[in-house]
Structures are given as C-alpha cells and as structure tokens.
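Take a look at the structure set out below.
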Amino acid sequence: MSTLQDSPVPRLNYPTASFIISAPTLATCPDDTGAEVAFAGRSNAGKSSAINALTQQKALARTSRTPGRTQLINFFSVMNDDARRLVDLPGYGYAKVPEAVKLEWQQHLSDYLRGRFSLRGLVLLMDVRHPLTEFDQMMLSYADTRNMPVHILLTKSDKLKKGPASAALQKVRSRLKEWEDLVSVQLFSSLKRDGVDTLSHKLDQWLHTPESE
C-alpha cells in the first residue's frame, strides 16, 4: 500500500524566485503564514552566492565586498507564490560596525528564529575550511530550542581537494551526531554549482506543507 511518505514531493522552480521585501525587524516581516526557509551564516560564508546559485540569478541576493553590509531580513517568493518564501538573514561576524549594532543584529536574528511560526527549516552555511564557529553553534542552539530542522551547507568546497573536503564533511557529521535526527550536512560550491540539486530537494520537502498548499 502506498503511503504519504512514498509519494514524491513536487519540485519547486527556484529560478522563479523574486524579491518581496526587506524587513529591519520581526514586526515588519510579511504576514506569518504559509511556509518559509531561512538562510543564515557568517558574513563570509557565501550565503548570498548560494541563494543566487540555487535560483540561477546573478544578483537576487546581493553580494558585497564588505562582509556584513546587509543588515535586513530579505524575503523572496518562490513560483510567484508569496506563501512560499526564501529568507536571507543578515550576515554576522566580520562587519566593521559598532558592537552595539552587532548585538542588535543578533537580537533580530533571535526574535526571528524563535518567533516566526511559518519558518519550516534553517539552511546554515559554513565555510568548509572553518566550520562550527561560535556563531554556528549559536544558530544550532536557536534551532534546537524550537526542534526545527537544520540543513548545513559546507560552502566553498571547490577550495579543497576531494579527499580533504570529504574528511571535513565527516568531521562535521561526527561532531553533530547528537542532533542527527534534525541536522543534515552536505558539501556545496556556488562557483561550480555542486550540491544545488541536493539543496533544492531539501527545500522542496520543507516548503511543501499542508499550510502552504
């Protein structure tokens, strides 16, 4: 007998993604309905490049030579449907801004991750050469408090040869073994588009929920 789990998840067309709004705080975000997936990472982790690779658009998520410049929560619709959204969270870590501003960013991230009902999962980006930083651990803790799934992209995998990249992947998986029921990990290269299909399949699963139909 066929079960719901056996049914294939319909594929979403991510190149159709389009900008909705930039919000400085949780209060100014779009209505908390439907389903959305958030992308988070340190300012140099390649977050904007990953979103652009996923959507096959060169500048949907703006990249900057000054890490951490983006201070807003940016929302994008998928397939012209505002009920299915990709969310680009502010980068964190290297911005040359006052400490008070960094703390404010952190508070906005916390408010969003803890209080956004429509958030179905978190894509956490880490440079494959420098994974599981203090910021990464903080984001995992936020997700853990909500029992929310996390999919980790070990970005810039093209910077390493196949052997070291695979070793880094296994090391991260080993360190996160206690969270293996909620956390999945993959290698990713925006430059070579390695891992885009795996990421899109994960997003398909998260964004196809009863609430978003």
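Residues in the structure tokens are numbered from 1 in each chain, the chains being A, B, ... in the order shown, and ligands are numbered from 1 in the order shown.
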Under the rule of at most 10 Å, produce a per-residue listing of range 143-177 of chain A near range 31-39 of chain A: chain, number, name, the closest pair of atoms, and the distance in Å, as JSON lines, using only C-alpha atoms.
{"residue": "A:Val150", "atom": "CA", "partner": "A:Ala38", "partner_atom": "CA", "distance": 9.8}
{"residue": "A:His151", "atom": "CA", "partner": "A:Phe39", "partner_atom": "CA", "distance": 9.6}
{"residue": "A:Ile152", "atom": "CA", "partner": "A:Phe39", "partner_atom": "CA", "distance": 9.8}
{"residue": "A:Leu153", "atom": "CA", "partner": "A:Phe39", "partner_atom": "CA", "distance": 9.9}
Mind dumping the selected residues with all heavy atoms as an mmCIF file, in the first residue's frame?
data_model
loop_
_atom_site.group_PDB
_atom_site.id
_atom_site.type_symbol
_atom_site.label_atom_id
_atom_site.label_comp_id
_atom_site.auth_asym_id
_atom_site.auth_seq_id
_atom_site.Cartn_x
_atom_site.Cartn_y
_atom_site.Cartn_z
ATOM 1 N N VAL A 150 17.626 21.602 10.562
ATOM 2 C CA VAL A 150 18.697 22.428 10.018
ATOM 3 C C VAL A 150 19.415 21.642 8.926
ATOM 4 O O VAL A 150 19.722 20.461 9.096
ATOM 5 C CB VAL A 150 19.713 22.819 11.114
ATOM 6 C CG1 VAL A 150 20.866 23.638 10.520
ATOM 7 C CG2 VAL A 150 19.042 23.593 12.238
ATOM 8 N N HIS A 151 19.661 22.300 7.797
ATOM 9 C CA HIS A 151 20.447 21.697 6.723
ATOM 10 C C HIS A 151 21.702 22.541 6.550
ATOM 11 O O HIS A 151 21.624 23.735 6.237
ATOM 12 C CB HIS A 151 19.657 21.651 5.417
ATOM 13 C CG HIS A 151 20.355 20.905 4.322
ATOM 14 N ND1 HIS A 151 20.683 19.567 4.422
ATOM 15 C CD2 HIS A 151 20.799 21.314 3.101
ATOM 16 C CE1 HIS A 151 21.290 19.177 3.308
ATOM 17 N NE2 HIS A 151 21.384 20.219 2.493
ATOM 18 N N ILE A 152 22.861 21.936 6.787
ATOM 19 C CA ILE A 152 24.131 22.665 6.746
ATOM 20 C C ILE A 152 24.769 22.548 5.360
ATOM 21 O O ILE A 152 24.901 21.450 4.821
ATOM 22 C CB ILE A 152 25.098 22.127 7.813
ATOM 23 C CG1 ILE A 152 24.542 22.413 9.216
ATOM 24 C CG2 ILE A 152 26.485 22.746 7.656
ATOM 25 C CD1 ILE A 152 25.358 21.795 10.335
ATOM 26 N N LEU A 153 25.146 23.689 4.815
ATOM 27 C CA LEU A 153 25.930 23.725 3.591
ATOM 28 C C LEU A 153 27.372 24.041 3.955
ATOM 29 O O LEU A 153 27.654 25.109 4.507
ATOM 30 C CB LEU A 153 25.411 24.803 2.634
ATOM 31 C CG LEU A 153 23.976 24.700 2.122
ATOM 32 C CD1 LEU A 153 23.712 25.797 1.094
ATOM 33 C CD2 LEU A 153 23.693 23.330 1.533
#
### Task
Report as a ChimeraX atom specification: the residues of range 90-212 of chain A with a DSSP assignment of helix (DSSP H, G or I), based on the backbone of this structure.
/A:99-115,134-145,157-159,162-175,177-179,196-207,210-212
### Query
Counting only C-alpha atoms, what is within 9 Å of range 181-191 of chain A, bar same-chain residues fewer than 4 positions away, as a PyMOL selection string?
chain A and resi 46+49-54+128+140+144+147-159+165-166+169+172-173+176-177+195-196+198-199
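Using only C-alpha atoms, the shortest contact distance between Leu103 in chain A and any of A:Gln71, A:Arg129, A:Ala40, A:Leu207 is found at A:Gln71.
Among the candidates A:Met79, A:Leu113, A:Ala61, A:Leu160, the residue lying nearest to Thr25 in chain A is A:Leu113 (atoms considered: only C-alpha atoms).
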### Task
Within range 55-177 of chain A, find each residue whose DSSP state, derived from the backbone, is strand (DSSP E or B), and express the selection as an MDAnalysis selection string.
chainID A and resid 73:78 81:88 92 119:127 150:155
Residue subset to file, keeping N, CA and C atoms, as a PDB file, in the first residue's frame:
ATOM      1  N   ILE A  73      16.385  41.639   6.913  1.00  0.00           N
ATOM      2  CA  ILE A  73      15.860  40.310   6.640  1.00  0.00           C
ATOM      3  C   ILE A  73      15.161  40.394   5.286  1.00  0.00           C
ATOM      4  N   ASN A  74      15.698  39.706   4.289  1.00  0.00           N
ATOM      5  CA  ASN A  74      15.206  39.825   2.917  1.00  0.00           C
ATOM      6  C   ASN A  74      14.358  38.617   2.543  1.00  0.00           C
ATOM      7  N   PHE A  75      13.180  38.875   2.004  1.00  0.00           N
ATOM      8  CA  PHE A  75      12.214  37.830   1.659  1.00  0.00           C
ATOM      9  C   PHE A  75      12.057  37.727   0.143  1.00  0.00           C
ATOM     10  N   PHE A  76      11.990  36.459  -0.346  1.00  0.00           N
ATOM     11  CA  PHE A  76      11.801  36.185  -1.765  1.00  0.00           C
ATOM     12  C   PHE A  76      10.697  35.150  -1.928  1.00  0.00           C
ATOM     13  N   SER A  77       9.819  35.365  -2.890  1.00  0.00           N
ATOM     14  CA  SER A  77       8.763  34.392  -3.172  1.00  0.00           C
ATOM     15  C   SER A  77       9.296  33.323  -4.115  1.00  0.00           C
ATOM     16  N   VAL A  78       8.671  32.144  -4.094  1.00  0.00           N
ATOM     17  CA  VAL A  78       9.025  31.048  -4.991  1.00  0.00           C
ATOM     18  C   VAL A  78       7.822  30.746  -5.868  1.00  0.00           C
ATOM     19  N   ASP A  81       4.541  32.817  -5.674  1.00  0.00           N
ATOM     20  CA  ASP A  81       3.631  32.479  -4.579  1.00  0.00           C
ATOM     21  C   ASP A  81       4.226  33.014  -3.285  1.00  0.00           C
ATOM     22  N   ASP A  82       3.654  34.104  -2.776  1.00  0.00           N
ATOM     23  CA  ASP A  82       4.182  34.702  -1.548  1.00  0.00           C
ATOM     24  C   ASP A  82       4.003  33.809  -0.329  1.00  0.00           C
ATOM     25  N   ALA A  83       3.242  32.710  -0.469  1.00  0.00           N
ATOM     26  CA  ALA A  83       3.050  31.781   0.641  1.00  0.00           C
ATOM     27  C   ALA A  83       4.226  30.819   0.781  1.00  0.00           C
ATOM     28  N   ARG A  84       5.113  30.798  -0.223  1.00  0.00           N
ATOM     29  CA  ARG A  84       6.338  30.005  -0.150  1.00  0.00           C
ATOM     30  C   ARG A  84       7.504  30.961  -0.320  1.00  0.00           C
ATOM     31  N   ARG A  85       8.354  31.025   0.705  1.00  0.00           N
ATOM     32  CA  ARG A  85       9.365  32.083   0.703  1.00  0.00           C
ATOM     33  C   ARG A  85      10.752  31.550   1.059  1.00  0.00           C
ATOM     34  N   LEU A  86      11.753  32.164   0.446  1.00  0.00           N
ATOM     35  CA  LEU A  86      13.139  32.027   0.872  1.00  0.00           C
ATOM     36  C   LEU A  86      13.488  33.289   1.636  1.00  0.00           C
ATOM     37  N   VAL A  87      14.254  33.147   2.720  1.00  0.00           N
ATOM     38  CA  VAL A  87      14.582  34.287   3.568  1.00  0.00           C
ATOM     39  C   VAL A  87      16.096  34.375   3.734  1.00  0.00           C
ATOM     40  N   ASP A  88      16.635  35.532   3.409  1.00  0.00           N
ATOM     41  CA  ASP A  88      18.072  35.796   3.539  1.00  0.00           C
ATOM     42  C   ASP A  88      18.277  36.605   4.814  1.00  0.00           C
ATOM     43  N   TYR A  92      26.644  37.713   9.763  1.00  0.00           N
ATOM     44  CA  TYR A  92      27.121  38.081  11.100  1.00  0.00           C
ATOM     45  C   TYR A  92      28.593  37.729  11.238  1.00  0.00           C
ATOM     46  N   LEU A 119       8.310  29.533   9.751  1.00  0.00           N
ATOM     47  CA  LEU A 119       9.656  29.045   9.457  1.00  0.00           C
ATOM     48  C   LEU A 119       9.697  27.524   9.569  1.00  0.00           C
ATOM     49  N   ARG A 120       9.991  26.858   8.445  1.00  0.00           N
ATOM     50  CA  ARG A 120       9.964  25.392   8.398  1.00  0.00           C
ATOM     51  C   ARG A 120      11.339  24.757   8.566  1.00  0.00           C
ATOM     52  N   GLY A 121      12.386  25.514   8.295  1.00  0.00           N
ATOM     53  CA  GLY A 121      13.723  24.950   8.409  1.00  0.00           C
ATOM     54  C   GLY A 121      14.764  26.027   8.214  1.00  0.00           C
ATOM     55  N   LEU A 122      15.979  25.726   8.643  1.00  0.00           N
ATOM     56  CA  LEU A 122      17.088  26.671   8.575  1.00  0.00           C
ATOM     57  C   LEU A 122      18.216  26.067   7.741  1.00  0.00           C
ATOM     58  N   VAL A 123      18.657  26.797   6.722  1.00  0.00           N
ATOM     59  CA  VAL A 123      19.851  26.426   5.964  1.00  0.00           C
ATOM     60  C   VAL A 123      21.004  27.222   6.568  1.00  0.00           C
ATOM     61  N   LEU A 124      21.930  26.513   7.177  1.00  0.00           N
ATOM     62  CA  LEU A 124      23.055  27.149   7.864  1.00  0.00           C
ATOM     63  C   LEU A 124      24.320  26.944   7.043  1.00  0.00           C
ATOM     64  N   LEU A 125      24.916  28.048   6.613  1.00  0.00           N
ATOM     65  CA  LEU A 125      26.092  27.982   5.753  1.00  0.00           C
ATOM     66  C   LEU A 125      27.372  28.165   6.553  1.00  0.00           C
ATOM     67  N   MET A 126      28.332  27.289   6.297  1.00  0.00           N
ATOM     68  CA  MET A 126      29.637  27.351   6.961  1.00  0.00           C
ATOM     69  C   MET A 126      30.725  27.163   5.904  1.00  0.00           C
ATOM     70  N   ASP A 127      31.761  27.950   5.976  1.00  0.00           N
ATOM     71  CA  ASP A 127      32.942  27.732   5.126  1.00  0.00           C
ATOM     72  C   ASP A 127      33.519  26.360   5.480  1.00  0.00           C
ATOM     73  N   VAL A 150      17.626  21.602  10.562  1.00  0.00           N
ATOM     74  CA  VAL A 150      18.697  22.428  10.018  1.00  0.00           C
ATOM     75  C   VAL A 150      19.415  21.642   8.926  1.00  0.00           C
ATOM     76  N   HIS A 151      19.661  22.300   7.797  1.00  0.00           N
ATOM     77  CA  HIS A 151      20.447  21.697   6.723  1.00  0.00           C
ATOM     78  C   HIS A 151      21.702  22.541   6.550  1.00  0.00           C
ATOM     79  N   ILE A 152      22.861  21.936   6.787  1.00  0.00           N
ATOM     80  CA  ILE A 152      24.131  22.665   6.746  1.00  0.00           C
ATOM     81  C   ILE A 152      24.769  22.548   5.360  1.00  0.00           C
ATOM     82  N   LEU A 153      25.146  23.689   4.815  1.00  0.00           N
ATOM     83  CA  LEU A 153      25.930  23.725   3.591  1.00  0.00           C
ATOM     84  C   LEU A 153      27.372  24.041   3.955  1.00  0.00           C
ATOM     85  N   LEU A 154      28.268  23.115   3.674  1.00  0.00           N
ATOM     86  CA  LEU A 154      29.694  23.383   3.833  1.00  0.00           C
ATOM     87  C   LEU A 154      30.162  24.007   2.530  1.00  0.00           C
ATOM     88  N   THR A 155      30.188  25.334   2.508  1.00  0.00           N
ATOM     89  CA  THR A 155      30.393  26.083   1.282  1.00  0.00           C
ATOM     90  C   THR A 155      31.868  26.144   0.875  1.00  0.00           C
TER      91      THR A 155
END
### Task
Give the answer as one residue: which of A:Leu72, A:Ala27, A:Ala45, A:Ile21 has the shortest atom-to-atom distance to Thr133 in chain A, using only C-alpha atoms?
A:Ala45
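Between CA of Leu12 in chain A and CA of Cys29 in chain A lies a distance of 23.0 Å.
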